[in-house]
file upload.pdb (PDB, C-alpha atoms)
MODEL        1
ATOM      1  CA  MET A   1      12.344  13.007-129.004
ATOM      2  CA  GLU A   2      11.691  12.815-125.271
ATOM      3  CA  PRO A   3       7.919  13.501-125.428
ATOM      4  CA  ARG A   4       7.516  10.724-127.973
ATOM      5  CA  VAL A   5       9.277   8.259-125.678
ATOM      6  CA  VAL A   6       7.067   9.268-122.766
ATOM      7  CA  GLU A   7       3.998   8.863-124.943
ATOM      8  CA  LEU A   8       5.117   5.392-126.035
ATOM      9  CA  GLU A   9       5.769   4.393-122.426
ATOM     10  CA  THR A  10       2.278   5.555-121.515
ATOM     11  CA  HIS A  11       0.755   3.539-124.341
ATOM     12  CA  LEU A  12       2.716   0.465-123.300
ATOM     13  CA  LYS A  13       1.510   0.878-119.734
ATOM     14  CA  TYR A  14      -2.099   0.957-120.915
ATOM     15  CA  ILE A  15      -1.540  -2.035-123.195
ATOM     16  CA  ARG A  16      -0.080  -4.044-120.309
ATOM     17  CA  ARG A  17      -3.005  -3.087-118.088
ATOM     18  CA  ASP A  18      -5.484  -4.139-120.768
ATOM     19  CA  MET A  19      -3.654  -7.434-121.317
ATOM     20  CA  ASP A  20      -3.788  -8.155-117.584
ATOM     21  CA  GLU A  21      -7.533  -7.508-117.618
ATOM     22  CA  ILE A  22      -7.932  -9.855-120.579
ATOM     23  CA  ARG A  23      -5.954 -12.570-118.783
ATOM     24  CA  THR A  24      -8.161 -12.344-115.711
ATOM     25  CA  ASP A  25     -11.294 -12.383-117.882
ATOM     26  CA  VAL A  26     -10.073 -15.517-119.666
ATOM     27  CA  LYS A  27      -9.393 -17.214-116.323
ATOM     28  CA  VAL A  28     -12.902 -16.372-115.120
ATOM     29  CA  ILE A  29     -14.411 -17.705-118.340
ATOM     30  CA  ARG A  30     -12.378 -20.926-118.068
ATOM     31  CA  HIS A  31     -13.587 -21.500-114.513
ATOM     32  CA  ARG A  32     -17.204 -20.856-115.475
ATOM     33  CA  VAL A  33     -16.960 -23.268-118.406
ATOM     34  CA  ALA A  34     -15.345 -25.907-116.192
ATOM     35  CA  TYR A  35     -18.043 -25.575-113.526
ATOM     36  CA  SER A  36     -20.780 -25.652-116.160
ATOM     37  CA  ALA A  37     -19.312 -28.772-117.752
ATOM     38  CA  GLY A  38     -19.062 -30.430-114.350
ATOM     39  CA  ALA A  39     -22.649 -29.548-113.502
ATOM     40  CA  ALA A  40     -23.831 -30.827-116.879
ATOM     41  CA  ALA A  41     -21.969 -34.100-116.333
ATOM     42  CA  VAL A  42     -23.591 -34.535-112.928
ATOM     43  CA  VAL A  43     -27.065 -33.827-114.322
ATOM     44  CA  ILE A  44     -26.575 -36.210-117.243
ATOM     45  CA  GLY A  45     -25.237 -38.855-114.864
ATOM     46  CA  LEU A  46     -28.261 -38.491-112.589
ATOM     47  CA  LEU A  47     -30.660 -38.649-115.511
ATOM     48  CA  GLY A  48     -28.891 -41.749-116.823
ATOM     49  CA  TRP A  49     -29.044 -43.385-113.420
ATOM     50  CA  ILE A  50     -32.750 -42.601-113.055
ATOM     51  CA  ALA A  51     -33.475 -43.834-116.573
ATOM     52  CA  ASN A  52     -31.529 -47.030-115.911
ATOM     53  CA  SER A  53     -33.255 -47.740-112.627
ATOM     54  CA  ARG A  54     -36.702 -46.989-114.081
ATOM     55  CA  PHE A  55     -36.103 -48.533-117.494
ATOM     56  CA  GLU A  56     -38.708 -51.299-117.059
ATOM     57  CA  GLN A  57     -41.349 -48.792-116.045
ATOM     58  CA  LEU A  58     -40.507 -46.597-119.037
ATOM     59  CA  VAL A  59     -40.823 -49.571-121.385
ATOM     60  CA  THR A  60     -44.208 -50.554-119.953
ATOM     61  CA  LEU A  61     -45.434 -46.958-120.229
ATOM     62  CA  LEU A  62     -44.316 -46.618-123.827
ATOM     63  CA  THR A  63     -45.666 -49.961-125.052
ATOM     64  CA  PRO A  64     -49.447 -50.287-125.168
TER      65      PRO A  64
ENDMDL
END

call {"tool": "encode", "arguments": {"input": "upload.pdb", "output": "structure tokens"}}
result
Amino acid sequence: MEPRVVELETHLKYIRRDMDEIRTDVKVIRHRVAYSAGAAAVVIGLLGWIANSRFEQLVTLLTP
């Protein structure tokens, strides 16, 4: 009986270690997604601002 308990404890230790690694990986992925979304928002905002400030020029270029 005792070797089986030791084996189960070892498996649980490895499972806990793997779960901790998964948690840290998820945190890293969340931060990367958040930074990417923020960067995309800034780029879209800049493009919108440029398009708005140059809208008349764009219209004159597009219309013959």

call {"tool": "atom_distance", "arguments": {"input": "upload.pdb", "atom1": "CA of Ile50 in chain A", "atom2": "CA of Leu62 in chain A"}}
result
16.3 Å

call {"tool": "axis_aligned_box", "arguments": {"input": "upload.pdb", "around": "range 8-24 of chain A", "padding_each_side": "6 Å", "output": "JSON"}}
result
{"center_x": -1.2, "center_y": -3.5, "center_z": -120.9, "size_x": 25.9, "size_y": 30.1, "size_z": 22.3}

call {"tool": "atom_distance", "arguments": {"input": "upload.pdb", "atom1": "CA of Tyr14 in chain A", "atom2": "CA of Ile29 in chain A"}}
result
22.5 Å
